[in-house]
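Scroll down for the structure; my scribbles are underneath it.
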Amino acid sequence: MKDWIPAEWLKDVESFDLAACKNEATGTKWNLFLQHQRLRKAARALFDAGYFLEDITGMDGKEGIEVIYHFNQYEKPSRVTLRTLIVHENPEIPTISDIIPAANWHERECYDFFGITFTGHPNLIPLLLPDNFGFHPLLKKEDKRVSLFDSLSNCQTIGVKVPCVESPENPSDKE
Amino acid sequence: MIPTIPMEMLRIIIFTVAIILFVSVNALLLVWLERKLAGHFQVRPGPFEVGPHGLLQTVCDGLKLMGKQLVAPAGADKRLFWAAPILAFAPAFLCFLPIPFGPHLLGMDFETGVILILAFTSLGVLATILAGWGSNNKFSLLGASRAVSQAVAYEVPLLITVLGVVMYSGSLDFTSIIGQQGSWPWQWNVMLQPLGFLIFFVCSLAECNRAPFDLPEAESELTAGFHTEYSGMGFGLFFFAEYTNMVITSSMCTALFLGGWHGPFFSGWWWFASKVYFLIFVMMWMRWTFPRVRFDQLLNLSWKWLIPLALINLFYVAVLVKL
Amino acid sequence: MNFNLDGDFYSRNFQQGPTENTMILNLGPQHPSTHGVLRVLVEMDGEYILRAEPVLGYLHRMHEKMGESKTYNQFIPNMGRVDYLHALAWNWAYVGAVEQLMGIEVPERAEYVRVISCELNRIMSHLLWWGAYVMDLGGFTPILYAFDDRERAQDLLQRITGSRLTYSSFRIGGVIQDMDDIFLDGVKAFCARMPERLKMYKNLVTDNFIFRKRCEEIGEIPVEMARKYGATGPVLRGSGVAYDVRRAEPYSIYDRFDFSIPTQDTTDAMGRYLVRLDEITQSLAIITQAVDQLSEGPIRAKVPKVIKPPKGETYFAVEGARGKIGVFLVSDGSNVPYRIKLRSPSLSNLSLFSECAKGSLLADAISILGSLDLVIPEIDR
């Protein structure tokens, strides 16, 4: 598997799925599909390799809520996107705000908009919405959700298919 | 039968009434002038609509301020809160008494007029503290605490430079200090003590809380500093006091350094007035040109530069007197 | 009367338990130097700041949700209202994302119109910032000088965009209106006038002793801190990194122009100040070159009446006056976007404020806030 790892910094982050994208159509060079327990490792590897966090956002779809981390770097600009999937029933994901302080506010924003709980976040209170808002505006209705695979039509999957992680405890179901 | 009123008493009463009139009209005029000047410094005409060239604008604003409801914030110490603006304004009146505007145009001939003014002007900071503490507002409190350290820091060099003039002329009486200066600019104290004049002017800016030393009311940091919570005439009195203090410090500066009513050709009150208004113009000019200094820079300037320089000036004057 | 002395949710969260010898101060949401409705909670020891935390959301309008319920064309006016000072950059980020997703080729003349109007808009934004920043430091006059110049640029832009502040003149595949000779003459006159004015600004403000003392060695942001918080734009370039989206991820026709990316190594507020002033000069250079290179042609590409991009996603970034503006757009093939994420540079730039202001004086914190060039609607979106 290691022969298609695109860069040095990823060799510590094992077992992820990768999609190469048409940069001119998507603005993204690499899409990395990660399981939750790999996320922090990947973020640290990217950060140590000189990347900075552009933003963190979510996308609600049929398979679950996809959490998307956009990274870029100053010297050789190329966007690397980390993607993880969480289920609607249990929107929980480990925080990366202790690794990259920039994530702090972006994670709070995702908590506002999608109700994603970032475990280990030091100050997970609403950022933009009032504290008693009650619902998460960017979650879509059941019938409005589309498949998350649709958004990757311009990308070519390398290695295995996009995983749908139902439970983070079971890393073997990435087929 | 008409009881005999002592001449001196009558003179003081007349002069007090005249001062009240003068101070009110003067404050209105200065506010107008400041806004007009600010306008021209900022490539715009300034007030223009009410009266010729907006002359009546400040009268309207004064009426508006008087018509406003007086609101004291909940949780404020009402007595201190309302005492403050009065205390800011009242001493300003008294300060006019010993200032000689012309050879015979003065309220009361004190032998220690200089000390009287210095004593009364330092009451102003008390008003600032009361306003800051009484408002029960954190911004006001910060402004007041700044005002105290600023007043302490700047009164010292101010006093030392005044001392220089007093030493030279050997009198605490304004009339005799002015009397010793001649009608031509090279006969004025400013030529003998230029350093003293500069220090005095800088300190008087700080004493009046004028920019670039307007830290107690630093708008961008403390919203309005010690008078954040004042509305209507409460604010109006602080405003009046500020402009009156400008006149007083400029008058002092004129009397001590610029030869008072003396002037080339026709000595008289018009020379005094024109010098005072010129100094006020410079103060306004500086306000609309310079950014504000930071608080620690302000104190450093006083303790590390102005006070040593003022002492050097004093030493220089002592040598001068001895020679 | 009943007063809730505990404060609201955020101040309770900020102040957990009683404080000892410190004071919690609430700057904003209405405060003269927060330029809008930013709120910063600070814990102070005397005049020194021990802890600062910005509270956002007072101008939150949920543009991202609005985007999901409007068609692609209907969403363009929203973009003029995200960052009201550099509205055209947001226009461009959104329009560019849609074009990238659909593969639309924008006609050359339209690209030039976009470059010229966007750079004019950038100059206007920097001018307003310049005036407002000096005002934060207590100098009242410069902002009116800046407005004099800004007004001229606004008059020009009004001619080709139809509005003066919240521009929404970019369309998918082009722009709304072509430039005429009056506009081009005006632009030339503006470009000729500005260098003189910038020289005056330098004499008036930049060289002022008091001003320098308020900026130099204040709010130092080392490169590492900037990267940790994802800072971009002049904030990053003031720390010495020559990162500009116009060069890093060249979009449109920016590769045809000869301009430099101003940087300063001092990393302080003065560095950011000088970078912005230099950027005005560079934008003027770009405009001058663009006017010279101009050729005739259409200003709108042929696009379908109903915009229906193919299924897919895209990320398009442009360089705004405050930094990297990004639009992450996901289409499900229908006529409304499935998801729009707006990456605002001010949000990232502001997030480093807590760390940067720690231990500084209150007056310095105001100076730092000003030097970050915040536009609150952009932060809150």
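Residues are referred to by chain and number: the chain letter is A, B, ... according to the order shown in the structure tokens, the number counts from 1 in that chain, and ligands are numbered separately from 1 in the order shown.
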Write down, as an MDAnalysis selection string, each residue of chain C that has any atom within 7 Å of an atom of chain A, counting only C-alpha atoms.
chainID C and resid 9 56:57 60 65 100:101 227:230 243 248:249 311:316 330:332 339 343 348 351 380
Within 12 Å of chain C, which residues of chain B come that close, and what is the closest atom pair and distance in Å for each? Count only C-alpha atoms and give it as a tab-separated table.
```
residue	atom	partner	partner_atom	distance
B:Leu37	CA	C:Thr141	CA	11.2
B:Ala38	CA	C:Thr141	CA	7.9
B:Gly39	CA	C:Thr141	CA	9.1
B:His40	CA	C:Thr141	CA	10.0
B:Phe41	CA	C:Thr141	CA	7.1
B:Gln42	CA	C:Thr141	CA	5.4
B:Val43	CA	C:Leu144	CA	7.4
B:Arg44	CA	C:Leu144	CA	8.5
B:Pro73	CA	C:Met1	CA	11.8
B:Ala74	CA	C:Met1	CA	8.7
B:Gly75	CA	C:Phe3	CA	10.0
B:Asn137	CA	C:Leu25	CA	9.9
B:Lys138	CA	C:Leu25	CA	7.0
B:Phe139	CA	C:Leu25	CA	8.2
B:Ser140	CA	C:Leu25	CA	11.6
B:Leu141	CA	C:Gly46	CA	10.7
B:Leu142	CA	C:Glu47	CA	8.0
B:Gly143	CA	C:Glu47	CA	10.6
B:Ser145	CA	C:Gly46	CA	9.4
B:Arg146	CA	C:Glu47	CA	9.5
B:Arg210	CA	C:Gly138	CA	11.4
B:Ala211	CA	C:Gly138	CA	8.1
B:Pro212	CA	C:Gly138	CA	7.7
B:Phe213	CA	C:Gly138	CA	9.9
B:Asp214	CA	C:Gly138	CA	9.1
B:Leu215	CA	C:Gly138	CA	9.7
B:Glu217	CA	C:Gly138	CA	10.9
B:Ala218	CA	C:Gly138	CA	7.6
B:Glu219	CA	C:Pro32	CA	6.9
B:Ser220	CA	C:Ser33	CA	5.1
B:Glu221	CA	C:Ala363	CA	6.1
B:Leu222	CA	C:His31	CA	8.4
B:Thr223	CA	C:Pro32	CA	6.1
B:Ala224	CA	C:Pro32	CA	9.3
B:Gly225	CA	C:Pro32	CA	11.9
B:Thr228	CA	C:His31	CA	11.5
B:Trp285	CA	C:Thr141	CA	10.7
B:Met286	CA	C:Gly139	CA	9.9
B:Arg287	CA	C:Gly139	CA	8.0
B:Trp288	CA	C:Thr141	CA	5.9
B:Thr289	CA	C:Gly139	CA	6.4
B:Phe290	CA	C:Gly139	CA	5.5
B:Pro291	CA	C:Gly139	CA	3.9
B:Arg292	CA	C:Gly138	CA	4.7
B:Val293	CA	C:Ile210	CA	6.1
B:Arg294	CA	C:Ala363	CA	6.5
B:Phe295	CA	C:Ala363	CA	7.8
B:Asp296	CA	C:Leu361	CA	9.0
B:Gln297	CA	C:Lys213	CA	8.5
B:Leu298	CA	C:Ile210	CA	10.5
B:Leu301	CA	C:Ile210	CA	11.7
```
Output the selection as a short mmCIF file (atom, residue, chain, number, x, y, z; two decimals), in the first residue's frame - N, CA and C atoms for each residue.
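Ended up saving to again.cif:
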```
data_model
loop_
_atom_site.label_atom_id
_atom_site.label_comp_id
_atom_site.auth_asym_id
_atom_site.auth_seq_id
_atom_site.Cartn_x
_atom_site.Cartn_y
_atom_site.Cartn_z
N LEU B 37 -12.56 74.30 13.32
CA LEU B 37 -11.16 74.01 13.01
C LEU B 37 -10.99 72.54 12.63
N ALA B 38 -11.62 71.66 13.43
CA ALA B 38 -11.55 70.23 13.12
C ALA B 38 -12.04 70.00 11.70
N GLY B 39 -13.12 70.68 11.35
CA GLY B 39 -13.65 70.55 10.01
C GLY B 39 -12.62 70.93 8.97
N HIS B 40 -11.98 72.06 9.18
CA HIS B 40 -11.04 72.51 8.17
C HIS B 40 -9.78 71.65 8.14
N PHE B 41 -9.37 71.14 9.31
CA PHE B 41 -8.23 70.22 9.29
C PHE B 41 -8.58 68.96 8.53
N GLN B 42 -9.85 68.61 8.56
CA GLN B 42 -10.27 67.35 7.94
C GLN B 42 -10.91 67.58 6.57
N VAL B 43 -10.50 68.59 5.88
CA VAL B 43 -11.02 68.94 4.56
C VAL B 43 -12.53 68.86 4.45
N ARG B 44 -13.21 69.45 5.39
CA ARG B 44 -14.67 69.57 5.32
C ARG B 44 -15.02 70.90 6.00
N PRO B 73 -26.99 56.01 36.39
CA PRO B 73 -27.10 54.56 36.23
C PRO B 73 -27.49 53.89 37.54
N ALA B 74 -28.20 52.78 37.39
CA ALA B 74 -28.55 52.01 38.59
C ALA B 74 -27.26 51.50 39.22
N GLY B 75 -27.23 51.55 40.54
CA GLY B 75 -26.02 51.08 41.20
C GLY B 75 -24.98 52.16 41.37
N ASN B 137 -19.09 52.10 36.85
CA ASN B 137 -18.84 51.60 35.51
C ASN B 137 -17.35 51.33 35.40
N LYS B 138 -17.01 50.20 34.81
CA LYS B 138 -15.60 49.82 34.80
C LYS B 138 -14.77 50.73 33.92
N PHE B 139 -15.36 51.16 32.83
CA PHE B 139 -14.62 52.08 31.94
C PHE B 139 -14.34 53.39 32.67
N SER B 140 -15.36 53.88 33.40
CA SER B 140 -15.18 55.13 34.14
C SER B 140 -14.09 54.97 35.17
N LEU B 141 -14.10 53.82 35.84
CA LEU B 141 -13.12 53.59 36.89
C LEU B 141 -11.71 53.58 36.31
N LEU B 142 -11.56 52.90 35.18
CA LEU B 142 -10.24 52.89 34.53
C LEU B 142 -9.82 54.30 34.16
N GLY B 143 -10.78 55.06 33.63
CA GLY B 143 -10.47 56.44 33.25
C GLY B 143 -10.05 57.25 34.45
N SER B 145 -8.77 56.15 37.27
CA SER B 145 -7.47 55.75 37.80
C SER B 145 -6.35 56.29 36.92
N ARG B 146 -6.63 56.37 35.62
CA ARG B 146 -5.63 56.99 34.75
C ARG B 146 -5.48 58.47 35.08
N ARG B 210 -6.23 67.05 27.26
CA ARG B 210 -6.41 67.25 25.82
C ARG B 210 -5.52 66.26 25.07
N ALA B 211 -5.97 65.88 23.87
CA ALA B 211 -5.15 65.01 23.04
C ALA B 211 -3.84 65.72 22.75
N PRO B 212 -2.70 65.06 22.63
CA PRO B 212 -2.57 63.59 22.66
C PRO B 212 -2.51 62.98 24.05
N PHE B 213 -2.88 63.72 25.08
CA PHE B 213 -2.84 63.17 26.43
C PHE B 213 -4.23 62.99 27.01
N ASP B 214 -5.21 62.68 26.18
CA ASP B 214 -6.57 62.60 26.70
C ASP B 214 -6.90 61.18 27.19
N LEU B 215 -5.97 60.60 27.93
CA LEU B 215 -6.15 59.20 28.32
C LEU B 215 -7.33 58.94 29.24
N GLU B 217 -10.19 59.93 29.08
CA GLU B 217 -11.42 59.73 28.32
C GLU B 217 -11.14 59.05 26.99
N ALA B 218 -9.99 58.39 26.88
CA ALA B 218 -9.57 57.77 25.63
C ALA B 218 -10.71 57.05 24.95
N GLU B 219 -11.22 57.65 23.90
CA GLU B 219 -12.44 57.14 23.30
C GLU B 219 -12.31 55.72 22.79
N SER B 220 -11.19 55.44 22.10
CA SER B 220 -11.12 54.15 21.44
C SER B 220 -10.86 53.01 22.42
N GLU B 221 -10.37 53.34 23.62
CA GLU B 221 -10.15 52.27 24.58
C GLU B 221 -11.28 52.21 25.61
N LEU B 222 -11.60 53.37 26.16
CA LEU B 222 -12.50 53.40 27.32
C LEU B 222 -13.85 54.01 26.97
N THR B 223 -14.29 53.90 25.76
CA THR B 223 -15.52 54.53 25.25
C THR B 223 -15.54 56.03 25.53
N ALA B 224 -15.74 56.47 26.78
CA ALA B 224 -15.58 57.90 27.05
C ALA B 224 -14.91 58.12 28.38
N GLY B 225 -14.30 57.07 28.93
CA GLY B 225 -13.57 57.22 30.18
C GLY B 225 -14.47 57.63 31.33
N THR B 228 -18.32 58.38 30.86
CA THR B 228 -19.11 57.46 30.04
C THR B 228 -20.60 57.52 30.37
N TRP B 285 -5.20 72.35 17.34
CA TRP B 285 -4.43 71.86 16.21
C TRP B 285 -3.78 70.52 16.55
N MET B 286 -3.19 70.47 17.74
CA MET B 286 -2.53 69.23 18.15
C MET B 286 -3.54 68.11 18.31
N ARG B 287 -4.70 68.45 18.87
CA ARG B 287 -5.69 67.40 19.10
C ARG B 287 -6.10 66.73 17.79
N TRP B 288 -6.26 67.53 16.75
CA TRP B 288 -6.76 66.95 15.51
C TRP B 288 -5.64 66.45 14.61
N THR B 289 -4.42 66.50 15.10
CA THR B 289 -3.31 66.02 14.28
C THR B 289 -2.68 64.76 14.84
N PHE B 290 -2.51 64.72 16.15
CA PHE B 290 -1.71 63.63 16.71
C PHE B 290 -2.58 62.47 17.18
N PRO B 291 -2.03 61.25 17.06
CA PRO B 291 -2.67 60.13 17.74
C PRO B 291 -2.43 60.21 19.24
N ARG B 292 -3.09 59.35 19.95
CA ARG B 292 -3.00 59.37 21.41
C ARG B 292 -1.80 58.55 21.86
N VAL B 293 -1.12 59.01 22.89
CA VAL B 293 -0.01 58.22 23.42
C VAL B 293 -0.57 57.11 24.31
N ARG B 294 0.28 56.15 24.58
CA ARG B 294 -0.16 55.06 25.44
C ARG B 294 0.08 55.48 26.88
N PHE B 295 -0.58 54.79 27.81
CA PHE B 295 -0.55 55.25 29.19
C PHE B 295 0.85 55.21 29.78
N ASP B 296 1.57 54.10 29.57
CA ASP B 296 2.89 54.02 30.19
C ASP B 296 3.86 54.99 29.52
N GLN B 297 3.64 55.25 28.22
CA GLN B 297 4.48 56.24 27.54
C GLN B 297 4.25 57.62 28.12
N LEU B 298 2.98 57.87 28.45
CA LEU B 298 2.63 59.18 29.04
C LEU B 298 3.36 59.39 30.35
N LEU B 301 7.10 59.75 29.90
CA LEU B 301 7.45 61.08 29.41
C LEU B 301 7.58 62.05 30.58
#
```
Please provide as a ChimeraX atom specification all residues within 12 Å of Lys78 of chain B, with the sequence filter that same-chain residues fewer than 2 positions apart are discarded (counting only C-alpha atoms).
/B:70-76,80-84,130-131,133-136,229-230
Coordinates-based distance that separates atom CA of Thr58 of chain B from atom CA of Val31 of chain B (Å, one decimal)
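Interatomic distance here is 6.7 Å.
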So that I can check the secondary structure, give me every residue of segment 107-138 of chain A assigned helix (DSSP H, G or I) by backbone DSSP, as a list in words.
Glu107, Arg108, Glu109, Cys110, Tyr111, Asp112, Phe113 and Phe114 of chain A
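The coordinates place atom CA of Leu342 of chain C at 26.0 Å from atom CA of Gln177 of chain C.
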If we count only C-alpha atoms and set the cut-off at 6 Å, which residues sit around segment 105-122 of chain B, ignoring sequence neighbours fewer than 3 positions away in its own chain? Please answer as a list in words.
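Counting only the stated atoms, we get Ile12, Phe15, Pro91, Cys95, Leu97, Pro98, Pro100, Phe101, Gly102, Val125, Leu172 and Asp173 of chain B.
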Can I get the selected residues back with N, CA and C atoms, as a JSON list (two decimals), in the first residue's frame?
```
[["chain", "number", "residue", "atom", "x", "y", "z"],
["B", 12, "ILE", "N", -15.61, 92.15, 43.38],
["B", 12, "ILE", "CA", -15.61, 90.69, 43.23],
["B", 12, "ILE", "C", -16.94, 90.23, 42.66],
["B", 15, "PHE", "N", -17.23, 91.09, 39.10],
["B", 15, "PHE", "CA", -16.31, 90.27, 38.31],
["B", 15, "PHE", "C", -16.80, 88.83, 38.19],
["B", 91, "PRO", "N", -14.55, 75.10, 40.53],
["B", 91, "PRO", "CA", -13.23, 75.73, 40.73],
["B", 91, "PRO", "C", -12.77, 76.52, 39.52],
["B", 95, "CYS", "N", -10.75, 80.26, 39.49],
["B", 95, "CYS", "CA", -9.42, 80.44, 38.93],
["B", 95, "CYS", "C", -9.31, 81.73, 38.14],
["B", 97, "LEU", "N", -10.43, 84.60, 39.05],
["B", 97, "LEU", "CA", -10.32, 85.79, 39.91],
["B", 97, "LEU", "C", -8.94, 86.45, 39.86],
["B", 98, "PRO", "N", -7.84, 85.70, 40.05],
["B", 98, "PRO", "CA", -6.56, 86.40, 40.12],
["B", 98, "PRO", "C", -5.90, 86.64, 38.76],
["B", 100, "PRO", "N", -4.98, 88.51, 35.63],
["B", 100, "PRO", "CA", -5.12, 89.87, 35.11],
["B", 100, "PRO", "C", -5.22, 89.85, 33.58],
["B", 101, "PHE", "N", -6.41, 90.21, 33.10],
["B", 101, "PHE", "CA", -6.58, 90.20, 31.65],
["B", 101, "PHE", "C", -6.02, 91.48, 31.03],
["B", 102, "GLY", "N", -6.03, 92.53, 31.84],
["B", 102, "GLY", "CA", -5.47, 93.80, 31.38],
["B", 102, "GLY", "C", -4.83, 94.48, 32.57],
["B", 125, "VAL", "N", -9.09, 67.18, 39.24],
["B", 125, "VAL", "CA", -8.89, 65.74, 39.19],
["B", 125, "VAL", "C", -9.76, 65.03, 40.22],
["B", 172, "LEU", "N", 4.81, 86.02, 43.61],
["B", 172, "LEU", "CA", 3.76, 85.06, 43.28],
["B", 172, "LEU", "C", 2.53, 85.77, 42.73],
["B", 173, "ASP", "N", 2.68, 87.04, 42.47],
["B", 173, "ASP", "CA", 1.56, 87.85, 42.02],
["B", 173, "ASP", "C", 1.64, 88.00, 40.51]]
```
If you run DSSP on this backbone, which residues of segment 79-145 of chain A come out as strand (DSSP E or B), and could you give them as a ChimeraX atom specification?
/A:80-86,92-94,117-119
Selection export as a PDB file, in the first residue's frame, atoms kept: C-alpha atoms:
```pdb
ATOM      1  CA  VAL A  80      -5.036  18.383   1.157  1.00  0.00           C
ATOM      2  CA  THR A  81      -8.424  17.441   2.497  1.00  0.00           C
ATOM      3  CA  LEU A  82      -8.995  15.100   5.387  1.00  0.00           C
ATOM      4  CA  ARG A  83     -12.390  13.503   5.497  1.00  0.00           C
ATOM      5  CA  THR A  84     -14.052  11.438   8.134  1.00  0.00           C
ATOM      6  CA  LEU A  85     -17.543  10.201   8.446  1.00  0.00           C
ATOM      7  CA  ILE A  86     -19.690  10.132  11.521  1.00  0.00           C
ATOM      8  CA  GLU A  92     -18.765  12.413  17.919  1.00  0.00           C
ATOM      9  CA  ILE A  93     -15.248  12.920  16.749  1.00  0.00           C
ATOM     10  CA  PRO A  94     -11.951  13.600  18.522  1.00  0.00           C
ATOM     11  CA  THR A 117     -19.382  16.895  19.465  1.00  0.00           C
ATOM     12  CA  PHE A 118     -15.640  17.180  19.371  1.00  0.00           C
ATOM     13  CA  THR A 119     -14.475  15.081  22.275  1.00  0.00           C
TER      14      THR A 119
END
```
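What separates atom CA of Glu119 of chain C from atom CA of Ile280 of chain C is a distance of 8.7 Å.
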Would you kindly return, as an mmCIF file with N, CA and C atoms, in the first residue's frame, each protein, DNA or RNA residue with an atom no farther than 8 Å from any atom of Gly174 of chain C, considering only C-alpha atoms and excluding same-chain residues fewer than 2 positions away?
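Saved as out_2.cif:
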```
data_model
loop_
_atom_site.group_PDB
_atom_site.id
_atom_site.type_symbol
_atom_site.label_atom_id
_atom_site.label_comp_id
_atom_site.auth_asym_id
_atom_site.auth_seq_id
_atom_site.Cartn_x
_atom_site.Cartn_y
_atom_site.Cartn_z
ATOM 1 N N VAL C 106 -14.269 32.066 -18.799
ATOM 2 C CA VAL C 106 -14.710 33.458 -18.729
ATOM 3 C C VAL C 106 -14.002 34.234 -19.835
ATOM 4 N N PRO C 107 -14.726 35.077 -20.587
ATOM 5 C CA PRO C 107 -14.076 35.865 -21.655
ATOM 6 C C PRO C 107 -12.992 36.772 -21.089
ATOM 7 N N ALA C 110 -13.904 40.203 -19.660
ATOM 8 C CA ALA C 110 -14.564 40.104 -18.357
ATOM 9 C C ALA C 110 -13.542 39.892 -17.250
ATOM 10 N N GLU C 111 -12.518 39.095 -17.547
ATOM 11 C CA GLU C 111 -11.475 38.889 -16.542
ATOM 12 C C GLU C 111 -10.805 40.214 -16.194
ATOM 13 N N PHE C 170 -20.608 40.695 -10.215
ATOM 14 C CA PHE C 170 -20.072 39.567 -10.966
ATOM 15 C C PHE C 170 -21.200 38.584 -11.250
ATOM 16 N N ARG C 171 -21.157 38.031 -12.427
ATOM 17 C CA ARG C 171 -22.137 37.012 -12.784
ATOM 18 C C ARG C 171 -21.397 35.739 -13.148
ATOM 19 N N ILE C 172 -22.114 34.642 -13.082
ATOM 20 C CA ILE C 172 -21.474 33.385 -13.456
ATOM 21 C C ILE C 172 -21.160 33.450 -14.939
ATOM 22 N N ILE C 176 -21.483 42.115 -15.003
ATOM 23 C CA ILE C 176 -22.788 42.664 -15.374
ATOM 24 C C ILE C 176 -22.666 43.738 -16.441
ATOM 25 N N ILE C 299 -18.246 40.295 -22.590
ATOM 26 C CA ILE C 299 -18.030 40.323 -21.147
ATOM 27 C C ILE C 299 -18.824 39.228 -20.445
ATOM 28 N N ARG C 300 -19.587 38.458 -21.183
ATOM 29 C CA ARG C 300 -20.302 37.336 -20.556
ATOM 30 C C ARG C 300 -20.088 36.105 -21.404
ATOM 31 N N ALA C 301 -19.798 35.001 -20.748
ATOM 32 C CA ALA C 301 -19.721 33.736 -21.475
ATOM 33 C C ALA C 301 -21.138 33.215 -21.688
#
```
Using only C-alpha atoms, determine which residues lie at most 12 Å from Trp184 of chain B, disregarding the query and same-chain residues fewer than 2 positions distant; provide the list as a list in words.
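Result of the neighbour search: Gln180, Gln181, Gly182, Trp186, Gln187, Trp188, Asn189, Val190, Met191, Leu258, Gly259, Gly260, Trp261, His262, Gly263, Pro264, Phe265, Phe266, Ser267 and Trp271 of chain B.
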Selection: 10 Å around segment 287-289 of chain C, only C-alpha atoms, excl. self and same-chain fewer than 3 positions, as JSON, numbers by chain
{"C": [112, 113, 115, 116, 117, 118, 119, 120, 187, 188, 191, 192, 256, 257, 258, 259, 281, 282, 283, 284, 292, 293, 294]}
Write out, as a CSV table (one decimal), in the first residue's frame, the residues just selected, with N, CA and C atoms.
```csv
chain,number,residue,atom,x,y,z
C,112,TYR,N,-10.6,41.0,-17.2
C,112,TYR,CA,-9.9,42.3,-17.0
C,112,TYR,C,-10.9,43.2,-16.1
C,113,VAL,N,-12.1,43.2,-16.5
C,113,VAL,CA,-13.1,44.0,-15.7
C,113,VAL,C,-13.0,43.5,-14.2
C,115,VAL,N,-10.6,42.0,-12.6
C,115,VAL,CA,-9.3,42.4,-12.0
C,115,VAL,C,-9.3,43.8,-11.6
C,116,ILE,N,-9.7,44.7,-12.5
C,116,ILE,CA,-9.6,46.1,-12.3
C,116,ILE,C,-10.6,46.5,-11.1
C,117,SER,N,-11.8,46.0,-11.2
C,117,SER,CA,-12.8,46.4,-10.2
C,117,SER,C,-12.4,45.8,-8.8
C,118,CYS,N,-11.9,44.6,-8.8
C,118,CYS,CA,-11.5,43.9,-7.6
C,118,CYS,C,-10.4,44.6,-6.9
C,119,GLU,N,-9.4,45.0,-7.7
C,119,GLU,CA,-8.2,45.7,-7.1
C,119,GLU,C,-8.6,47.1,-6.6
C,120,LEU,N,-9.5,47.8,-7.4
C,120,LEU,CA,-10.0,49.1,-6.9
C,120,LEU,C,-10.7,48.9,-5.5
C,187,VAL,N,-10.1,55.8,-13.9
C,187,VAL,CA,-9.2,54.9,-13.3
C,187,VAL,C,-7.7,55.4,-13.5
C,188,LYS,N,-7.4,55.9,-14.7
C,188,LYS,CA,-6.1,56.4,-14.9
C,188,LYS,C,-5.8,57.6,-14.1
C,191,CYS,N,-5.2,56.4,-10.6
C,191,CYS,CA,-3.9,55.8,-10.4
C,191,CYS,C,-2.7,56.8,-10.4
C,192,ALA,N,-3.0,57.9,-11.1
C,192,ALA,CA,-2.0,58.9,-11.2
C,192,ALA,C,-2.0,59.8,-9.9
C,256,ARG,N,-0.5,37.3,-15.5
C,256,ARG,CA,-0.1,38.2,-16.6
C,256,ARG,C,0.5,39.5,-16.0
C,257,PHE,N,0.3,39.7,-14.7
C,257,PHE,CA,0.7,41.0,-14.2
C,257,PHE,C,2.0,40.9,-13.4
C,258,ASP,N,2.7,42.0,-13.4
C,258,ASP,CA,4.0,42.0,-12.7
C,258,ASP,C,3.8,42.8,-11.4
C,259,PHE,N,3.7,42.1,-10.3
C,259,PHE,CA,3.5,42.8,-9.1
C,259,PHE,C,4.3,42.0,-8.0
C,281,THR,N,0.0,50.2,-3.3
C,281,THR,CA,0.8,50.5,-4.5
C,281,THR,C,0.8,49.4,-5.5
C,282,GLN,N,0.9,48.1,-5.0
C,282,GLN,CA,0.9,47.0,-5.9
C,282,GLN,C,-0.4,46.9,-6.6
C,283,SER,N,-1.5,47.2,-5.9
C,283,SER,CA,-2.8,47.1,-6.6
C,283,SER,C,-2.9,48.2,-7.7
C,284,LEU,N,-2.3,49.3,-7.4
C,284,LEU,CA,-2.3,50.4,-8.4
C,284,LEU,C,-1.5,49.9,-9.6
C,292,ASP,N,-3.7,48.9,-19.5
C,292,ASP,CA,-2.8,48.9,-20.7
C,292,ASP,C,-3.1,47.7,-21.6
C,293,GLN,N,-3.3,46.5,-21.0
C,293,GLN,CA,-3.4,45.3,-21.7
C,293,GLN,C,-4.8,45.1,-22.3
C,294,LEU,N,-5.7,46.0,-22.0
C,294,LEU,CA,-7.1,45.7,-22.3
C,294,LEU,C,-7.4,45.5,-23.8
```
